[in-house]
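Chemist: The file below is protein_23.tsv, TSV, C-alpha atoms and all ligand atoms:
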```
chain	number	residue	atom	x	y	z
A	860	MET	CA	113.41	3.71	-7.38
A	861	ILE	CA	111.58	5.29	-4.48
A	862	PRO	CA	113.26	5.94	-1.12
A	863	ALA	CA	111.85	4.54	2.12
A	864	GLY	CA	109.62	6.92	4.07
A	865	PHE	CA	111.19	9.65	6.19
A	866	GLU	CA	110.23	12.73	8.14
A	867	TYR	CA	111.51	16.06	6.78
A	868	HIS	CA	112.89	18.86	8.99
A	869	ALA	CA	113.99	22.32	7.82
A	870	PRO	CA	115.75	24.22	10.63
A	871	ARG	CA	116.60	27.92	10.12
A	872	SER	CA	119.77	28.05	12.22
A	873	VAL	CA	122.84	25.91	12.92
A	874	ALA	CA	121.86	25.79	16.60
A	875	ASP	CA	118.42	24.38	15.72
A	876	ALA	CA	119.97	21.85	13.33
A	877	VAL	CA	122.40	20.66	16.02
A	878	LYS	CA	119.50	20.38	18.53
A	879	LEU	CA	117.50	18.34	16.03
A	880	LEU	CA	120.42	15.99	15.38
A	881	GLY	CA	120.78	15.49	19.14
A	882	SER	CA	117.10	14.82	19.76
A	883	LEU	CA	116.46	12.61	16.69
A	884	GLY	CA	119.59	10.48	17.24
A	885	PRO	CA	121.31	8.14	14.77
A	886	GLU	CA	118.17	7.71	12.63
A	887	ALA	CA	118.62	11.29	11.36
A	888	LYS	CA	120.73	12.35	8.36
A	889	LEU	CA	121.70	15.82	7.20
A	890	LEU	CA	120.56	16.79	3.72
A	891	ALA	CA	122.67	19.26	1.71
A	892	GLY	CA	122.49	19.18	-2.11
A	893	GLY	CA	121.22	15.60	-2.05
A	894	HIS	CA	123.34	14.47	-5.01
A	895	SER	CA	125.06	11.72	-3.04
A	896	LEU	CA	122.49	11.05	-0.32
A	897	LEU	CA	119.34	10.82	-2.45
A	898	PRO	CA	120.78	8.24	-4.90
A	899	MET	CA	121.80	6.14	-1.88
A	900	MET	CA	118.29	6.49	-0.42
A	901	LYS	CA	116.68	5.57	-3.73
A	902	LEU	CA	118.81	2.41	-3.84
A	903	ARG	CA	117.91	1.87	-0.15
A	904	PHE	CA	121.60	1.77	0.82
A	905	ALA	CA	120.57	4.55	3.23
A	906	THR	CA	117.17	4.54	4.97
A	907	PRO	CA	117.22	7.47	7.41
A	908	ALA	CA	113.98	7.96	9.38
A	909	HIS	CA	114.59	11.75	9.44
A	910	LEU	CA	116.17	14.19	7.01
A	911	VAL	CA	117.46	17.47	8.45
A	912	ASP	CA	117.71	19.88	5.50
A	913	LEU	CA	120.48	22.49	5.86
A	914	GLY	CA	119.23	24.39	2.80
A	915	ARG	CA	117.38	27.13	4.69
A	916	ILE	CA	120.26	28.13	6.94
A	917	ALA	CA	121.56	31.30	5.31
A	918	ALA	CA	124.60	31.44	7.63
A	919	LEU	CA	125.97	28.29	5.98
A	920	LYS	CA	126.38	29.96	2.58
A	921	GLY	CA	129.00	32.39	1.33
A	922	ILE	CA	132.65	32.97	0.47
A	923	ALA	CA	134.76	35.62	2.21
A	924	GLN	CA	138.39	36.53	2.79
A	925	VAL	CA	139.24	36.68	6.48
A	926	GLY	CA	142.85	37.75	7.02
A	927	ASP	CA	145.08	35.35	5.12
A	928	GLU	CA	142.36	32.71	4.72
A	929	VAL	CA	139.26	32.25	2.60
A	930	HIS	CA	136.25	31.04	4.60
A	931	ILE	CA	133.50	29.19	2.76
A	932	GLY	CA	130.14	28.17	4.22
A	933	ALA	CA	129.50	24.43	3.95
A	934	MET	CA	126.24	24.94	1.98
A	935	THR	CA	127.92	26.99	-0.73
A	936	THR	CA	127.22	25.27	-4.05
A	937	GLU	CA	129.82	24.16	-6.57
A	938	GLN	CA	128.32	26.67	-9.01
A	939	ASP	CA	128.90	29.52	-6.53
A	940	LEU	CA	132.50	28.35	-6.03
A	941	LEU	CA	133.05	28.22	-9.78
A	942	ARG	CA	131.68	31.74	-10.27
A	943	SER	CA	133.51	33.37	-7.35
A	944	PRO	CA	135.97	36.09	-8.47
A	945	LEU	CA	137.58	35.94	-5.00
A	946	LEU	CA	138.40	32.24	-5.38
A	947	ALA	CA	139.55	32.67	-8.97
A	948	GLN	CA	142.00	35.30	-7.75
A	949	LYS	CA	143.09	33.89	-4.39
A	950	VAL	CA	142.58	30.10	-4.61
A	951	PRO	CA	142.56	29.28	-8.34
A	952	LEU	CA	143.32	25.60	-7.64
A	953	LEU	CA	139.84	25.31	-6.14
A	954	THR	CA	138.19	27.04	-9.12
A	955	GLU	CA	140.01	24.72	-11.50
A	956	GLY	CA	139.11	21.61	-9.46
A	957	VAL	CA	135.41	22.53	-9.20
A	958	GLY	CA	135.24	22.91	-12.97
A	959	TRP	CA	136.01	19.18	-13.19
A	960	ILE	CA	133.11	18.14	-10.94
A	961	SER	CA	130.38	16.36	-12.86
A	962	ASP	CA	128.13	18.64	-14.91
A	963	PRO	CA	126.18	21.91	-14.47
A	964	GLN	CA	123.13	20.17	-12.95
A	965	VAL	CA	125.16	18.51	-10.19
A	966	ARG	CA	127.17	21.68	-9.60
A	967	ALA	CA	123.98	23.75	-9.27
A	968	ARG	CA	122.86	21.88	-6.14
A	969	GLY	CA	125.88	19.95	-4.86
A	970	THR	CA	127.63	21.67	-1.96
A	971	LEU	CA	131.23	21.97	-0.81
A	972	GLY	CA	130.31	20.65	2.66
A	973	GLY	CA	128.35	17.69	1.31
A	974	ASP	CA	131.16	16.70	-1.05
A	975	ILE	CA	133.65	16.72	1.84
A	976	ALA	CA	131.40	15.22	4.54
A	977	HIS	CA	130.37	12.30	2.34
A	978	GLY	CA	133.91	10.85	2.68
A	979	ASP	CA	133.94	9.46	-0.86
A	980	PRO	CA	137.52	9.16	-2.20
A	981	GLY	CA	136.09	9.56	-5.72
A	982	ASN	CA	134.89	13.07	-4.87
A	983	ASP	CA	137.24	15.85	-5.92
A	984	HIS	CA	137.13	18.16	-2.90
A	985	PRO	CA	138.89	15.85	-0.44
A	986	ALA	CA	142.17	15.85	-2.42
A	987	LEU	CA	141.78	19.55	-3.25
A	988	MET	CA	141.37	20.29	0.47
A	989	LEU	CA	144.43	18.19	1.35
A	990	ALA	CA	146.57	19.96	-1.24
A	991	LEU	CA	145.35	23.37	-0.04
A	992	GLY	CA	145.96	22.57	3.66
A	993	ALA	CA	142.33	23.40	4.51
A	994	SER	CA	140.67	23.15	7.93
A	995	PHE	CA	137.07	22.29	8.67
A	996	VAL	CA	134.85	23.84	11.35
A	997	LEU	CA	132.69	21.13	12.91
A	998	THR	CA	129.79	22.36	15.06
A	999	GLY	CA	128.10	20.16	17.65
A	1000	PRO	CA	126.30	20.38	20.99
A	1001	LYS	CA	129.54	21.40	22.76
A	1002	GLY	CA	130.34	24.17	20.26
A	1003	GLU	CA	132.90	24.35	17.48
A	1004	ARG	CA	136.10	22.40	16.86
A	1005	ILE	CA	138.51	22.76	13.99
A	1006	VAL	CA	139.92	19.69	12.25
A	1007	LYS	CA	142.62	19.86	9.60
A	1008	ALA	CA	141.86	18.13	6.31
A	1009	ASP	CA	144.72	15.66	6.86
A	1010	ALA	CA	143.04	14.44	10.07
A	1011	PHE	CA	139.48	14.42	8.72
A	1012	PHE	CA	139.29	11.59	6.18
A	1013	LYS	CA	139.39	8.30	8.12
A	1014	GLY	CA	138.30	5.67	5.61
A	1015	LEU	CA	135.73	4.87	2.93
A	1016	TYR	CA	132.71	7.13	3.76
A	1017	ASP	CA	134.25	7.60	7.21
A	1018	THR	CA	135.29	11.01	8.53
A	1019	ALA	CA	136.11	12.74	11.82
A	1020	LEU	CA	132.51	14.08	12.01
A	1021	ALA	CA	130.59	12.80	15.04
A	1022	ALA	CA	126.95	11.80	14.51
A	1023	ASP	CA	125.74	15.00	16.20
A	1024	GLU	CA	128.11	17.38	14.39
A	1025	ILE	CA	127.70	19.52	11.27
A	1026	LEU	CA	130.50	20.64	8.99
A	1027	THR	CA	129.73	24.35	8.99
A	1028	GLN	CA	132.70	26.07	7.37
A	1029	VAL	CA	135.81	25.37	5.31
A	1030	ARG	CA	138.89	27.52	5.90
A	1031	ILE	CA	141.59	27.68	3.23
A	1032	PRO	CA	144.93	29.43	3.71
A	1033	ILE	CA	145.53	31.69	0.72
A	1034	PRO	CA	148.56	30.38	-1.19
A	1035	ALA	CA	151.39	32.90	-1.56
A	1036	ALA	CA	151.30	35.01	-4.74
A	1037	GLY	CA	153.09	33.23	-7.57
A	1038	THR	CA	152.25	29.72	-6.33
A	1039	GLY	CA	151.73	27.34	-9.26
A	1040	TYR	CA	148.67	25.11	-9.20
A	1041	SER	CA	146.98	22.39	-11.20
A	1042	TYR	CA	144.24	19.78	-10.89
A	1043	GLN	CA	144.60	17.06	-13.51
A	1044	LYS	CA	141.70	14.60	-13.72
A	1045	LEU	CA	141.21	11.65	-15.98
A	1046	LYS	CA	137.54	10.77	-16.43
A	1047	ARG	CA	135.78	8.68	-19.01
A	1048	LYS	CA	133.08	11.22	-19.88
A	1049	THR	CA	131.39	14.39	-18.66
A	1050	GLY	CA	129.60	13.72	-15.39
A	1051	ASP	CA	131.86	10.87	-14.35
A	1052	PHE	CA	134.01	10.57	-11.26
A	1053	ALA	CA	137.79	10.44	-11.58
A	1054	THR	CA	139.58	7.35	-12.81
A	1055	ALA	CA	142.52	9.15	-11.19
A	1056	ALA	CA	143.26	12.79	-10.38
A	1057	THR	CA	146.02	14.80	-8.74
A	1058	ALA	CA	145.96	18.25	-7.11
A	1059	VAL	CA	149.22	20.20	-6.89
A	1060	LEU	CA	150.39	23.47	-5.36
A	1061	LEU	CA	154.00	24.32	-6.22
A	1062	ARG	CA	156.50	27.01	-5.33
A	1063	MET	CA	159.77	27.35	-7.20
A	1064	SER	CA	162.77	29.63	-6.90
A	1065	GLY	CA	165.82	29.77	-9.17
A	1066	GLY	CA	164.48	26.79	-11.16
A	1067	LYS	CA	164.24	24.58	-8.03
A	1068	VAL	CA	161.21	23.39	-6.12
A	1069	THR	CA	160.95	25.12	-2.74
A	1070	GLN	CA	157.57	23.66	-1.74
A	1071	ALA	CA	155.24	21.06	-3.20
A	1072	SER	CA	151.83	19.96	-2.03
A	1073	ILE	CA	150.41	16.90	-3.81
A	1074	ALA	CA	147.13	15.08	-3.17
A	1075	LEU	CA	145.45	12.18	-4.94
A	1076	THR	CA	141.78	11.47	-5.78
A	1077	ASN	CA	140.31	7.97	-6.02
A	1078	ALA	CA	143.63	6.22	-5.40
A	1079	ALA	CA	142.65	4.51	-2.12
A	1080	PRO	CA	139.78	4.33	0.41
A	1081	THR	CA	140.47	8.02	1.24
A	1082	ALA	CA	142.04	10.90	-0.63
A	1083	LEU	CA	145.81	10.79	-0.02
A	1084	LYS	CA	148.56	13.33	0.59
A	1085	ALA	CA	151.66	12.21	-1.29
A	1086	THR	CA	154.12	13.38	1.35
A	1087	ALA	CA	157.09	11.28	0.19
A	1088	ALA	CA	156.76	12.67	-3.35
A	1089	GLU	CA	156.55	16.20	-1.91
A	1090	ALA	CA	159.73	15.68	0.14
A	1091	ALA	CA	161.59	14.11	-2.79
A	1092	LEU	CA	161.00	17.22	-4.91
A	1093	ALA	CA	162.31	19.73	-2.38
A	1094	GLY	CA	165.39	21.54	-3.69
A	1095	LYS	CA	165.27	19.78	-7.07
A	1096	ALA	CA	164.81	21.06	-10.60
A	1097	LEU	CA	161.60	19.65	-12.05
A	1098	ASP	CA	163.42	17.59	-14.67
A	1099	GLU	CA	162.49	14.19	-16.09
A	1100	ALA	CA	164.19	12.29	-13.27
A	1101	ALA	CA	162.41	14.33	-10.56
A	1102	LEU	CA	159.01	13.95	-12.27
A	1103	LYS	CA	159.52	10.21	-12.64
A	1104	GLU	CA	160.47	9.80	-9.00
A	1105	ALA	CA	157.53	11.93	-7.77
A	1106	ALA	CA	155.13	9.87	-9.92
A	1107	ARG	CA	156.68	6.63	-8.63
A	1108	LEU	CA	156.31	7.71	-5.00
A	1109	ALA	CA	152.69	8.79	-5.58
A	1110	MET	CA	151.93	5.45	-7.25
A	1111	SER	CA	153.50	3.57	-4.34
A	1112	LEU	CA	150.65	4.85	-2.12
A	1113	CYS	CA	147.86	3.73	-4.43
A	1114	GLN	CA	145.40	1.01	-3.45
A	1115	PRO	CA	142.54	1.74	-5.84
A	1116	MET	CA	139.45	-0.43	-6.07
A	1117	GLU	CA	138.83	-2.21	-9.35
A	1118	ASP	CA	135.62	-1.02	-11.05
A	1119	GLN	CA	134.23	-0.07	-14.46
A	1120	ARG	CA	136.94	2.64	-14.71
A	1121	GLY	CA	139.74	0.08	-14.72
A	1122	ASP	CA	141.73	-2.39	-12.68
A	1123	ALA	CA	144.14	-1.47	-9.91
A	1124	ALA	CA	147.25	-1.48	-12.13
A	1125	TYR	CA	145.65	0.87	-14.71
A	1126	LYS	CA	144.33	3.27	-12.08
A	1127	THR	CA	147.70	3.32	-10.32
A	1128	ALA	CA	149.49	4.08	-13.59
A	1129	MET	CA	146.99	6.87	-14.32
A	1130	CYS	CA	147.59	8.32	-10.86
A	1131	GLY	CA	151.29	8.53	-11.72
A	1132	GLU	CA	150.49	10.17	-15.04
A	1133	MET	CA	148.11	12.71	-13.47
A	1134	THR	CA	150.76	13.52	-10.87
A	1135	ARG	CA	153.38	14.12	-13.54
A	1136	ARG	CA	151.01	16.31	-15.58
A	1137	ALA	CA	149.83	18.30	-12.56
A	1138	LEU	CA	153.42	19.02	-11.51
A	1139	GLN	CA	154.35	20.17	-15.03
A	1140	ALA	CA	151.25	22.36	-15.36
A	1141	ALA	CA	151.78	23.86	-11.90
A	1142	ALA	CA	155.43	24.61	-12.70
A	1143	ALA	CA	154.40	26.48	-15.84
A	1144	ARG	CA	152.19	28.72	-13.64
A	1145	CYS	CA	154.83	29.46	-10.96
A	1146	ARG	CA	155.94	33.08	-10.90
A	1201	LIG	C1	125.94	12.03	-11.67
A	1201	LIG	C2	126.83	12.51	-10.57
A	1201	LIG	C3	128.16	12.76	-10.84
A	1201	LIG	C4	129.00	13.23	-9.84
A	1201	LIG	N1	130.31	13.50	-10.12
A	1201	LIG	C5	131.11	14.01	-9.18
A	1201	LIG	C6	132.46	14.36	-9.46
A	1201	LIG	O1	132.95	14.21	-10.58
A	1201	LIG	N2	133.21	14.87	-8.46
A	1201	LIG	C7	132.71	15.07	-7.20
A	1201	LIG	O2	133.44	15.56	-6.33
A	1201	LIG	N3	131.44	14.75	-6.89
A	1201	LIG	C8	130.65	14.24	-7.85
A	1201	LIG	N4	129.34	13.91	-7.54
A	1201	LIG	C9	128.89	14.05	-6.15
A	1201	LIG	C10	128.33	15.45	-5.93
A	1201	LIG	O3	129.39	16.39	-5.98
A	1201	LIG	C11	127.59	15.55	-4.60
A	1201	LIG	O4	126.92	16.77	-4.65
A	1201	LIG	C12	128.46	15.50	-3.34
A	1201	LIG	O5	129.14	14.29	-3.19
A	1201	LIG	C13	127.59	15.60	-2.07
A	1201	LIG	O6	127.22	16.92	-1.85
A	1201	LIG	P1	125.71	17.26	-1.56
A	1201	LIG	O7	125.67	18.69	-1.20
A	1201	LIG	O8	124.88	16.84	-2.72
A	1201	LIG	O9	125.44	16.38	-0.25
A	1201	LIG	P2	124.30	15.33	0.12
A	1201	LIG	O10	124.15	14.33	-0.94
A	1201	LIG	O11	123.08	16.05	0.57
A	1201	LIG	O12	124.99	14.68	1.41
A	1201	LIG	C14	126.06	13.77	1.29
A	1201	LIG	C15	126.42	13.22	2.68
A	1201	LIG	O13	127.07	14.21	3.47
A	1201	LIG	C16	126.29	14.51	4.65
A	1201	LIG	N5	126.36	15.97	4.79
A	1201	LIG	C17	126.02	16.88	3.84
A	1201	LIG	N6	126.31	18.11	4.27
A	1201	LIG	C18	126.86	17.99	5.49
A	1201	LIG	C19	127.38	18.93	6.43
A	1201	LIG	N7	127.41	20.24	6.16
A	1201	LIG	N8	127.86	18.46	7.60
A	1201	LIG	C20	127.85	17.13	7.86
A	1201	LIG	N9	127.38	16.19	7.01
A	1201	LIG	C21	126.89	16.63	5.84
A	1201	LIG	C22	124.89	13.98	4.37
A	1201	LIG	O14	124.22	13.62	5.57
A	1201	LIG	C23	125.20	12.78	3.50
A	1201	LIG	O15	125.59	11.69	4.30
A	1201	LIG	C24	128.49	13.44	-8.52
A	1201	LIG	C25	127.13	13.18	-8.25
A	1201	LIG	C26	126.30	12.73	-9.26
A	1201	LIG	C27	124.86	12.48	-8.94
```
Could you write out this structure as structure tokens?

Modeler:
Amino acid sequence: MIPAGFEYHAPRSVADAVKLLGSLGPEAKLLAGGHSLLPMMKLRFATPAHLVDLGRIAALKGIAQVGDEVHIGAMTTEQDLLRSPLLAQKVPLLTEGVGWISDPQVRARGTLGGDIAHGDPGNDHPALMLALGASFVLTGPKGERIVKADAFFKGLYDTALAADEILTQVRIPIPAAGTGYSYQKLKRKTGDFATAATAVLLRMSGGKVTQASIALTNAAPTALKATAAEAALAGKALDEAALKEAARLAMSLCQPMEDQRGDAAYKTAMCGEMTRRALQAAAARCR
């Protein structure tokens, strides 16, 4: 399949990219790794008249600790995330989650910003970002604004990004030392999206949960934060009854779409199972 014709632009700075978006209007689309956009263009689900490639803007790449946060440029590739010693040490949930994304070819070009901005609930970063309490820097003609992950994902392929804004940076608070973590993902084969997946950060003290952060992939039109399950675990030992109740509360949020990965009942049940497994694995890593 061949995409419809388009004009290609390759700005060298964020300011130039924002100016281009403003002047070209709604017929322009940003291009990052192209692993979601180009398939849509080849199928002619998307027919932008202009592509604004962010790939030559060096300022959009990189991973750095800034105070008690890790800041990651939106054009940082999955491969760079996976290979980052800083992330492995400070935000291992992200390293683990990225390892589940597709295959080495997709990870070599796909970017953190593109995965988030696409607004696909089947992508893994949205739930990872919700569990981590991340914030996103959105840059537009009026400057920068910061939007928390839990206010960013509005619906299927719908986010808080305005048409003339670029997601430029992701900011992740570094979890306290000793925080348990796990990303459990059920997929049919290498390279597939999640049938269901759950991201967990967990803190425990004296055998009881002091803090839980739980987020779900591909369970609804957006990634979901399972806040009721989080609240139900507070102060409890992570025994069979607590796991069952947390899984039940996570499942009660699910409204998955039926597709080749299964019907709604199966996907909902798998979301419960991934939640249970992620909590158990995170608990085993708590110090
Ligand atoms: C075979 C295959 C399997 C895959 N499996 C998985 C998987 O298991 N898990 C997973 O998470 N993903 C998966 N993906 C998706 C992949 O991770 C994509 O790379 C990702 O969804 C989009 O990132 P990108 O950099 O390629 O963005 P692009 O495809 O270039 O862009 C995607 C969309 O986001 C917009 N955009 C991109 N960057 C920005 C920005 N900085 N600011 C504002 N808007 C922006 C674009 O305009 C476009 O609308 C898979 C893709 C393929 C082809």

Chemist: Compare A:Leu1020, A:Val1068, A:Ala1137, A:Leu941 by their minimum atom-to-atom distance to ligand LIG 1201 (chain A), counting all atoms listed in the file, and give me the closest one.

Modeler: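 The answer is A:Leu1020, which sits nearest to ligand LIG 1201 (chain A).
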
Chemist: Determine, counting all atoms listed in the file, which protein, DNA and RNA residues have an atom within 9 Å of an atom of region 1107-1120 of chain A; residues of the same chain fewer than 2 positions away are not included. Present the result as a ChimeraX atom specification.

Modeler: /A:1046-1047,1053-1054,1073-1075,1077-1080,1083-1088,1091,1102-1105,1122-1131,1134

Chemist: From the options A:Leu953, A:Ala1036, A:Leu880, A:Val965, which residue's atoms come nearest to Met988 (chain A), counting only C-alpha atoms?

Modeler: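 Smallest distance to Met988 (chain A) is found for A:Leu953.
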
Chemist: When you count only C-alpha atoms, which of these residues is closest to Ala908 (chain A): A:Ala863, A:His930, A:Gly973, A:Ile1033?

Modeler: A:Ala863

Chemist: Wanna dump the chain A-ligand LIG 1201 (chain A) contacts at 6 Å for me, each residue with its shortest atom pair and the distance in Å to one decimal, counting all atoms listed in the file, ordered by chain and number, as CSV?

Modeler:
```
residue,atom,partner,partner_atom,distance
A:Lys888,CA,A:LIG1201,O14,4.6
A:Leu889,CA,A:LIG1201,O14,3.7
A:Leu890,CA,A:LIG1201,O11,4.1
A:Ala891,CA,A:LIG1201,O11,3.4
A:Gly892,CA,A:LIG1201,O7,3.3
A:Gly893,CA,A:LIG1201,O11,3.2
A:His894,CA,A:LIG1201,O8,3.6
A:Ser895,CA,A:LIG1201,O10,3.5
A:Leu896,CA,A:LIG1201,O10,3.7
A:Ala933,CA,A:LIG1201,N7,5.2
A:Ile960,CA,A:LIG1201,O1,3.9
A:Ser961,CA,A:LIG1201,N1,4.0
A:Val965,CA,A:LIG1201,C26,6.0
A:Gly969,CA,A:LIG1201,O4,3.4
A:Thr970,CA,A:LIG1201,O7,3.6
A:Gly972,CA,A:LIG1201,N7,4.6
A:Gly973,CA,A:LIG1201,O6,3.4
A:Asp974,CA,A:LIG1201,C12,3.7
A:Ala976,CA,A:LIG1201,O13,4.6
A:His977,CA,A:LIG1201,O13,4.0
A:Asn982,CA,A:LIG1201,O2,3.2
A:Asp983,CA,A:LIG1201,O2,3.8
A:His984,CA,A:LIG1201,O2,5.7
A:Ile1025,CA,A:LIG1201,N8,3.8
A:Leu1026,CA,A:LIG1201,N8,3.7
A:Thr1027,CA,A:LIG1201,N7,5.5
A:Gly1050,CA,A:LIG1201,C3,4.9
A:Asp1051,CA,A:LIG1201,O1,5.2
A:Phe1052,CA,A:LIG1201,O1,3.9
```

Chemist: Quick one: pull the distance between CA of Arg966 (chain A) and CA of Glu937 (chain A), Å, one decimal.

Modeler: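 Between CA of Arg966 (chain A) and CA of Glu937 (chain A) the gap is 4.7 Å.
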
Chemist: Near Asp1017 (chain A), within 7 Å and counting only C-alpha atoms, which residues show up once chain neighbours fewer than 4 positions away are dropped, as a ChimeraX atom specification?

Modeler: /A:978,1012-1013

Chemist: Using Å and a single decimal, report how far CA of Thr1018 (chain A) sits from CA of Phe904 (chain A).

Modeler: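 A separation of 18.2 Å between them.
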
Chemist: In Å, with one decimal, what is the gap from CA of Lys1048 (chain A) to CA of Gly1121 (chain A)?

Modeler: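 Pair CA of Lys1048 (chain A) / CA of Gly1121 (chain A) returns 14.0 Å.
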